[in-house]
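Visitor: Below you will find the structure I want to go over with you.
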Amino acid sequence: MKVGVVVFPGSNCDRDMFHVLTDVFHLDAQYYWHDKELPKNIDAVILPGGFSYGDRLRAGVIAAHSPIIKDVQKMAEKGIPILGVCNGFQILVESGLLPGVLLKNDSLNFMCEWTDLIVENNTTPFTNQFKLNDKIPIPIANGEGKYYADDDTLKKLKKKNQIVFRYGDVVNGSSNRIAGVCNEDGNVVGMMPHPERAVESEINPIDNKPSSLIFESLLVKMGIKN
Amino acid sequence: MSLESQELEELKSKIGRVPTSTELQIVAAEWSEHCSYKSSKRHLKMLPMDGPLVITEKGYDSGVLDVGDGYVVTAHIESHNHPSAVEPYGGAATGVGGVVRDILSAGTRPIAIFDGLRFGNIEKDKQARWLFKNAVTGVADYGNCLGIPTIGGEVEFDECYENYALVDVASVGFGKRENLIKNHAKKGDVVVLMGGSTGRDGIGGSQFASDSLETEDRSAVQIPDPFIEKLIIEAIIEARNEKLIHAMKDLGGGGLSCAVSETAEALDIGIEMDVDKVHTRESDMHPDEIMVSESQERMLIVTSKTKLKKLQSICKKFRIGCSVIGSVKFDNNVHVKKGKKTFAKMSADIIANATLLDLPSKKPAYLKNISKEKKFKIINDYSKIMMKLLASPNIASKIWVYSQYDHEVGIRTVIKPGADASVLRLDNGKYLSVKIDGNPKQCYINPREGAIGCFEEACRNVVCTGAKPIGMLDHLQFGSPKDPEIFWTFLESLKGLTDFAKDFEIPCIGGKVSLYNETPAGPIKPTPLIGVLGLIDKKPLIPQKIIEGDCLVIVGDTKDELGGSEYFEYIHKFIGGACPVVNFVDSKKNMNSILDLIQQQIPKIAHDCSKGGLAVAVSELCMTNKIGCKVSLDKIPGDKLTDERILFSESHSRYLLVVDKKNIKKLENILKKNKVSFQSIGEFSGEKIQFVNDTKSIIDLRVDKAHKTWINSLGDLVLHA
């Protein structure tokens with residue numbers, strides 16, 4: 001199975017994600033620079049965190065116009081699993097692949113802290129190994145992480161089961177404490193917290209197992225693991 | 001802000017003619033205190049710089065340590081005090097950028113940032129609050145964007161920094177030894193300027209930083225662009241992997257002038273360059289401006305003509321500027337041209353080697369009676385005093401600061417900010433522990449012992465994680481060296497650091513001197529800042545959760561040493577008293593014993609006892625673990641002292657250990673065998689922090705109440721005061 005890690009100018013979690021995919025989960029991963037094409041035979045795509053284009057104008061908005069995004073859109077239509085983490089989530093939202101928008105945190109500060117996520121949808125390629133309401137201790141690190149959508153969109157998200165993760169607590173002022181959403185088909189998932197920072201026990205002071213299930217879900221989806 | 005008259009005469013006699021205006025600008029930048037270390041250099045030689053793990057390469061701004069298995073760690077420390085005092089956001093951000101490029105210059109990837117921030121009294125002074133808030137945002141915005149975790153540091157407030165700021169930034173790099181850049185140049189090599197464009201920002205920055213801050217010269221402050229720096233890092237790592245770099249230097253203080261002349265001098269070559277080839281932000285810049293501009297995010301690279309094409313294509317990929325500005329010559333001259341016209345042509349040796357000064361020094365008059373104590377007001381309620389201390393800006397939790405820094409990116413951070421020292425995992429299975437420490441209050445009272453104290457405290461912190469100190473960075477920050485009394489305090493601090501470094505065999509692997517730190521009210525207190533790097537071969541001691549029944553043990557003697565303590569200065573508003581003195585023999589014994597115990601996995605936590613004394617150190621353990629503890633003051637080893645002195649003395653070489661009851665015998669046996677002064681002083685249980693003397697209660701506080709105050713007070717002060 002081949003996983004593509006898309007790298008934009010200013011991405012800075014690409015190497016961390018690559019390490020987790022290859023060294024922890026033994027997947028075949030490959031970097032793809034933003035102006036390249038994604039090969040047809042790719043099985044999953046991950047947009048890692050960082051500050052693409054230095055977060056100029058608005059986080060993710062410039063990267064959303066990169067050549068590679070057209071390929072990501074095609075993959076999304078084909079039902080291939082796509083995960084955007086932090087800046088990757090912001091890019092998916094800005095490119096229209098996911099609903100809503102990410103605003104400055106209520107504190108107006110960058111926030112780096114550990115928080116609890118609650119699983120709200122366990123049918124996506126990245127959450128199929130969870131039980132509903134499972135708790136995931138995980139770090140966030142962002143300045144523009146407050147998820148916002150208007151009331152109609154929020155209603156629709158709820159109806160179509162597109163809310164994937166919520167924060168256990170009020171963290172940054174996100175609408176309905178939303179931390180991650182998916183598209184209607186469920187194959188494109190975006191989340192603000194960083195699962196790649198929580199899967200190794202050495203750097204996870206709380207419990208690394210729940211975050212690992214995000215990657216193990218993908219392995220199960222791909223038929224690599226039962 | 002330029003050459004002094006005798007320096008101009010000296011220059012004239014060295015080159016045998018009147019210098020051109022460009023030559024004057026170049027020499028003024030390079031002979032500034034900031035670049036030349038002319039006041040301090042002859043004395044800095046006393047520090048031991050060699051050790052079994054030290055790797056020496058020519059032309060490096062950072063120190064290099066061999067951490068085994070073919071890997072190296074690099075480290076450097078810098079300050080950006082003058083710019084930050086005028087424009088704290090840009091000053092702090094470009095401070096981060098500069099030190100990160102020093103790490104990159106060696107060919108290593110920067111893996112961590114540390115910041116030491118100092119301001120005036122933020123409880124009273126709005127300006128200090130503004131400086132503090134913006135400096136933190138500056139460090140955060142720059143480091144976060146680079147994807148380099150800021151994992152440690154310290155923040156201190158003292159009235160001596162009123163209307164001023166000390167912004168110190170250290171960085172650590174990691175890489176393979178074989179990838180280190182062996183700075184060299186071959187015949188026919190070209191000189192490339194890579195990165196951001198050269199503009200009119202930071203003009204004369206190094207001279208600005210080498211004088212007292214009299215005017216707010218904003219054009220001397222550089223403008224940060226972390227996005228370009230991130231692209232430079234990735235481009236250089238790619239170029240390094242492809243072996244395209246013969247020599248490399250970052251552009252910092254003095255801009256092109258210093259980078260070109262120092263490269264020429266270090267490699268014993270000449271460089272001929274054309275200012276028309278430099279990519280600039282503005283079209284009408286004069287050669288003088290181009291030569292001394294301190295625009296950020298630029299690197300000077302020497303490469304061969306054949307490798308140049310590949311280097312250019314990497315720069316194209318990252319869309320960063322890459323101009324061939326000159327070529328390598330073998331005449332040792334720095335030759336600056338604009339088209340065909342020569343604007344400067346001088347020997348690099350002359351430019352890069354300012355005449356070193358031998359300044360006079362004299363023991364300051366204020367020290368004569370400083371150790372005498374005054375009569376203090378009698379305190380009846382120490383619980384109340386304790387709450388006041390926990391809320392005080394110097395002791396309160398710094399979570400408001402480090403939660404704004406991405407301290408997880410890079411997924412190396414094993415021990416996160418807020419603990420004693422931060423610990424990073426390395427690719428060879430070892431761990432690096434780093435801590436920076438300063439203590440201007442103690443250094444003011446006793447420049448020598450204070451400086452040694454900072455050094456020992458940083459060592460204690462890395463020892464608490466199970467690391468053996470392997471290298472030290474020093475950053476010496478003082479007022480004007482032309483004042484003999486200030487220069488005396490500089491020399492005393494330096495001698496103290498040297499003695500400790502030699503005795504403990506911890507080499508100084510890098511450092512920086514920042515002088516002329518003067519506020520409108522006078523010079524700052526002597527502020528040496530010491531960074532210590534420690535190596536852990538096997539497993540770090542990651543603090544474990546304290547549970548009911550765990551025992552508290554103190555190692556080391558508590559002495560009558562309250563001079564410069566938070567208790568004297570914050571509670572009694574008194575500056576003076578006996579400065580804590582490190583006893584080298586006890587210090588070493590205690591350090592080795594703690595490392596011994598950690599290696600045998602006996603303690604659950606080792607915690608350093610420092611600012612605020614025993615009372616604060618115990619409270620920190622209780623608050624972070626949300627559990628109470630009852631401590632018997634009558635059991636504390638050391639001098640026979642009153643309760644308040646035991647609680648708040650800041651004697652060095654002391655450690656608190658949390659130990660599971662079943663391990664206490666083992667622990668006692670080892671400590672007894674090592675002839676270390678120690679005592680079991682309490683047990684964890686309940687919900688209260690309690691200090692008693694025999695049966696008398698001295699402090700009685702609810703942990704939750706103390707925690708709420710300690711964790712929130714700094715943020716509340718910044719946001720709501």
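Each chain in the structure tokens gets a letter, A, B and so on, in the order shown; residues start at 1 in every chain, and ligands are counted from 1 in the order they appear.
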With a distance threshold of 10 Å and counting only C-alpha atoms, extract the residues of chain B near chain A and express them as a PyMOL selection string.
Guide: chain B and resi 137+140-142+144-148+225-231+234+317-319+399-416+424-425+542-544
Visitor: Since we have the selection now, will you write its residues out, keeping C-alpha atoms, as an mmCIF file, in the first residue's frame?
Guide:
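Listed below is the output, selection28.cif:
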```cif
data_model
loop_
_atom_site.group_PDB
_atom_site.id
_atom_site.type_symbol
_atom_site.label_atom_id
_atom_site.label_comp_id
_atom_site.auth_asym_id
_atom_site.auth_seq_id
_atom_site.Cartn_x
_atom_site.Cartn_y
_atom_site.Cartn_z
ATOM 1 C CA THR B 137 4.776 36.443 20.296
ATOM 2 C CA ALA B 140 6.374 31.979 18.973
ATOM 3 C CA ASP B 141 5.581 33.206 15.469
ATOM 4 C CA TYR B 142 9.096 32.614 14.211
ATOM 5 C CA ASN B 144 6.410 27.803 15.258
ATOM 6 C CA CYS B 145 6.526 28.649 11.571
ATOM 7 C CA LEU B 146 9.966 27.032 11.219
ATOM 8 C CA GLY B 147 8.681 23.845 12.763
ATOM 9 C CA ILE B 148 11.481 23.848 15.323
ATOM 10 C CA ASP B 225 10.316 36.456 7.668
ATOM 11 C CA PRO B 226 10.194 32.918 9.073
ATOM 12 C CA PHE B 227 8.696 31.499 5.887
ATOM 13 C CA ILE B 228 11.852 32.342 3.916
ATOM 14 C CA GLU B 229 13.991 30.956 6.718
ATOM 15 C CA LYS B 230 12.059 27.678 6.604
ATOM 16 C CA LEU B 231 12.690 27.460 2.846
ATOM 17 C CA GLU B 234 15.124 22.845 3.618
ATOM 18 C CA LYS B 317 12.542 24.605 -6.333
ATOM 19 C CA PHE B 318 12.131 26.531 -3.085
ATOM 20 C CA ARG B 319 11.758 29.851 -4.912
ATOM 21 C CA ILE B 399 2.683 28.024 31.013
ATOM 22 C CA TRP B 400 1.281 31.221 29.504
ATOM 23 C CA VAL B 401 4.584 31.519 27.653
ATOM 24 C CA TYR B 402 5.406 27.974 26.603
ATOM 25 C CA SER B 403 1.855 27.030 25.617
ATOM 26 C CA GLN B 404 2.265 29.579 22.803
ATOM 27 C CA TYR B 405 5.338 27.739 21.552
ATOM 28 C CA ASP B 406 4.955 24.589 19.499
ATOM 29 C CA HIS B 407 7.071 22.356 21.714
ATOM 30 C CA GLU B 408 6.019 19.038 20.165
ATOM 31 C CA VAL B 409 6.867 19.481 16.474
ATOM 32 C CA GLY B 410 9.722 17.255 15.373
ATOM 33 C CA ILE B 411 8.385 14.531 17.693
ATOM 34 C CA ARG B 412 11.531 14.415 19.774
ATOM 35 C CA THR B 413 10.293 16.098 22.943
ATOM 36 C CA VAL B 414 10.333 13.446 25.638
ATOM 37 C CA ILE B 415 10.353 15.788 28.642
ATOM 38 C CA LYS B 416 8.294 18.845 27.817
ATOM 39 C CA LEU B 424 14.944 15.342 23.285
ATOM 40 C CA ARG B 425 15.334 11.862 21.841
ATOM 41 C CA ILE B 542 10.595 11.016 33.104
ATOM 42 C CA PRO B 543 8.752 12.343 36.166
ATOM 43 C CA GLN B 544 6.261 9.730 37.339
#
```
Visitor: Could you pull out the strand (DSSP E) residues of region 35-175 of chain B, going by DSSP on the backbone, and write them as a PyMOL selection string?
Guide: chain B and resi 54-55+63-68+71-79+109-119+150-157+166-175
Visitor: Do you know which residues are at most 10 Å from Val6 (chain A) counting only C-alpha atoms, after dropping those on the same chain fewer than 4 positions away, and could you put them as a PyMOL selection string?
Guide: chain A and resi 11+14+30-36+38+45-48+68-69+72+84+88
Visitor: Output the selection as a short mmCIF file (atom, residue, chain, number, x, y, z; two decimals), in the first residue's frame - N, CA and C atoms for each residue.
Guide:
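Output below, filename out-v1.cif:
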```cif
data_model
loop_
_atom_site.label_atom_id
_atom_site.label_comp_id
_atom_site.auth_asym_id
_atom_site.auth_seq_id
_atom_site.Cartn_x
_atom_site.Cartn_y
_atom_site.Cartn_z
N SER A 11 5.43 23.49 4.85
CA SER A 11 4.96 22.33 5.63
C SER A 11 6.04 22.02 6.66
N ASP A 14 5.68 17.24 7.87
CA ASP A 14 5.78 16.20 6.85
C ASP A 14 6.73 15.09 7.27
N GLN A 30 5.56 8.08 0.53
CA GLN A 30 6.36 8.84 -0.43
C GLN A 30 5.97 10.32 -0.30
N TYR A 31 7.00 11.20 -0.36
CA TYR A 31 6.70 12.63 -0.34
C TYR A 31 6.31 13.10 -1.74
N TYR A 32 5.38 14.02 -1.84
CA TYR A 32 5.06 14.65 -3.13
C TYR A 32 5.08 16.17 -2.97
N TRP A 33 5.97 16.82 -3.69
CA TRP A 33 6.11 18.28 -3.64
C TRP A 33 4.89 18.91 -4.30
N HIS A 34 4.50 20.07 -3.83
CA HIS A 34 3.21 20.69 -4.19
C HIS A 34 2.99 20.91 -5.69
N ASP A 35 4.08 20.98 -6.48
CA ASP A 35 3.86 21.23 -7.91
C ASP A 35 3.97 19.95 -8.74
N LYS A 36 4.02 18.83 -8.06
CA LYS A 36 4.10 17.55 -8.77
C LYS A 36 2.70 16.92 -8.91
N LEU A 38 0.21 13.48 -8.44
CA LEU A 38 0.11 12.27 -7.63
C LEU A 38 -0.05 11.09 -8.57
N VAL A 45 -3.82 9.55 0.83
CA VAL A 45 -3.07 10.81 0.76
C VAL A 45 -3.17 11.51 2.10
N ILE A 46 -2.03 12.01 2.56
CA ILE A 46 -2.05 12.77 3.82
C ILE A 46 -1.47 14.16 3.59
N LEU A 47 -2.21 15.18 4.05
CA LEU A 47 -1.72 16.55 4.01
C LEU A 47 -1.28 16.89 5.43
N PRO A 48 0.05 17.02 5.67
CA PRO A 48 0.53 17.22 7.05
C PRO A 48 0.42 18.69 7.49
N ILE A 68 -1.00 20.43 -7.14
CA ILE A 68 -1.28 19.07 -6.65
C ILE A 68 -2.70 18.92 -6.09
N ILE A 69 -3.31 20.04 -5.72
CA ILE A 69 -4.65 19.97 -5.12
C ILE A 69 -5.68 19.43 -6.13
N VAL A 72 -5.53 15.88 -5.74
CA VAL A 72 -6.14 15.49 -4.46
C VAL A 72 -7.66 15.48 -4.63
N GLY A 84 -6.26 15.30 6.34
CA GLY A 84 -5.56 16.58 6.52
C GLY A 84 -5.41 16.85 7.99
N GLY A 88 -2.99 20.91 7.13
CA GLY A 88 -3.58 20.07 6.08
C GLY A 88 -5.10 20.18 6.09
#
```
Visitor: Select, from B:Asp125, B:Asp634, B:Glu242, B:Glu78, the residue with the minimum atom-to-atom distance to Gly107 (chain B), counting only C-alpha atoms.
Guide: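 Smallest distance to Gly107 (chain B) is found for B:Glu242.
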Visitor: Output as a tab-separated table one row per residue of region 140-192 of chain A within 12 Å of region 211-220 of chain A: the closest atom pair and its distance in Å to one decimal place, counting only C-alpha atoms, sorted by chain and residue number ascending.
Guide:
```
residue	atom	partner	partner_atom	distance
A:Val164	CA	A:Ile214	CA	11.5
A:Phe165	CA	A:Ile214	CA	11.5
A:Asn187	CA	A:Leu218	CA	10.6
A:Val189	CA	A:Ile214	CA	11.0
A:Met191	CA	A:Ile214	CA	11.2
```
Visitor: Please identify the alpha helix (DSSP H) residues within region 399-642 of chain B (assignment by DSSP from backbone atoms) and present them as a ChimeraX atom specification.
Guide: /B:399-402,440-445,447-463,484-504,566,584-599,613-625
Visitor: So that I can see what lies close to Lys182 (chain B), please list as a ChimeraX atom specification the residues with an atom at most 9 Å from it, counting only C-alpha atoms and leaving out residues fewer than 2 positions away in the same chain.
Guide: /B:57-59,106-107,179-180,184,245-247
Visitor: For those residues, write N, CA and C atoms to a file as a PDB file, in the first residue's frame.
Guide:
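out.pdb, freshly written:
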```pdb
ATOM      1  N   GLU B  57      35.916  22.677  14.317  1.00  0.00           N
ATOM      2  CA  GLU B  57      35.986  22.926  12.878  1.00  0.00           C
ATOM      3  C   GLU B  57      36.213  24.417  12.694  1.00  0.00           C
ATOM      4  N   LYS B  58      36.879  24.782  11.601  1.00  0.00           N
ATOM      5  CA  LYS B  58      37.133  26.214  11.446  1.00  0.00           C
ATOM      6  C   LYS B  58      35.919  26.936  10.869  1.00  0.00           C
ATOM      7  N   GLY B  59      35.778  28.168  11.302  1.00  0.00           N
ATOM      8  CA  GLY B  59      34.727  29.012  10.747  1.00  0.00           C
ATOM      9  C   GLY B  59      33.334  28.740  11.264  1.00  0.00           C
ATOM     10  N   ALA B 106      26.603  24.897  10.208  1.00  0.00           N
ATOM     11  CA  ALA B 106      27.509  23.766  10.432  1.00  0.00           C
ATOM     12  C   ALA B 106      27.086  22.562   9.605  1.00  0.00           C
ATOM     13  N   GLY B 107      25.899  22.642   9.005  1.00  0.00           N
ATOM     14  CA  GLY B 107      25.407  21.510   8.218  1.00  0.00           C
ATOM     15  C   GLY B 107      24.489  20.608   9.030  1.00  0.00           C
ATOM     16  N   ASN B 179      28.162  14.666   7.691  1.00  0.00           N
ATOM     17  CA  ASN B 179      27.498  15.754   6.970  1.00  0.00           C
ATOM     18  C   ASN B 179      27.932  17.147   7.418  1.00  0.00           C
ATOM     19  N   LEU B 180      28.790  17.224   8.435  1.00  0.00           N
ATOM     20  CA  LEU B 180      29.274  18.537   8.866  1.00  0.00           C
ATOM     21  C   LEU B 180      29.960  19.219   7.690  1.00  0.00           C
ATOM     22  N   HIS B 184      35.895  25.048   3.460  1.00  0.00           N
ATOM     23  CA  HIS B 184      37.114  25.118   2.642  1.00  0.00           C
ATOM     24  C   HIS B 184      36.751  25.811   1.328  1.00  0.00           C
ATOM     25  N   ILE B 245      28.049  22.124  -0.887  1.00  0.00           N
ATOM     26  CA  ILE B 245      28.519  23.286  -0.123  1.00  0.00           C
ATOM     27  C   ILE B 245      29.975  23.100   0.310  1.00  0.00           C
ATOM     28  N   HIS B 246      30.849  23.985  -0.130  1.00  0.00           N
ATOM     29  CA  HIS B 246      32.252  23.942   0.318  1.00  0.00           C
ATOM     30  C   HIS B 246      32.409  24.674   1.646  1.00  0.00           C
ATOM     31  N   ALA B 247      31.786  25.840   1.731  1.00  0.00           N
ATOM     32  CA  ALA B 247      31.850  26.621   2.962  1.00  0.00           C
ATOM     33  C   ALA B 247      30.549  27.395   3.076  1.00  0.00           C
TER      34      ALA B 247
END
```
Visitor: Excluding region 653-670 of chain B and its own-chain neighbours fewer than 3 positions away, which residues fall within 6 Å of it when counting only C-alpha atoms? Please give them as a count of residues only.
Guide: 16
Visitor: Need to verify the contact set: region 476-493 of chain B, 9 Å, only C-alpha atoms, exclusion of same-chain residues closer than 2 positions in sequence. Can you return it as a ChimeraX atom specification?
Guide: /B:39-40,43,79,166,211-212,359-365,443-444,446-452,474,495-498,511-519,522-530
Visitor: Measure the distance from CA of Ser107 (chain A) to CA of Val139 (chain B) in Å and round it to one decimal.
Guide: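 Value for the CA of Ser107 (chain A)-CA of Val139 (chain B) distance: 17.5 Å.
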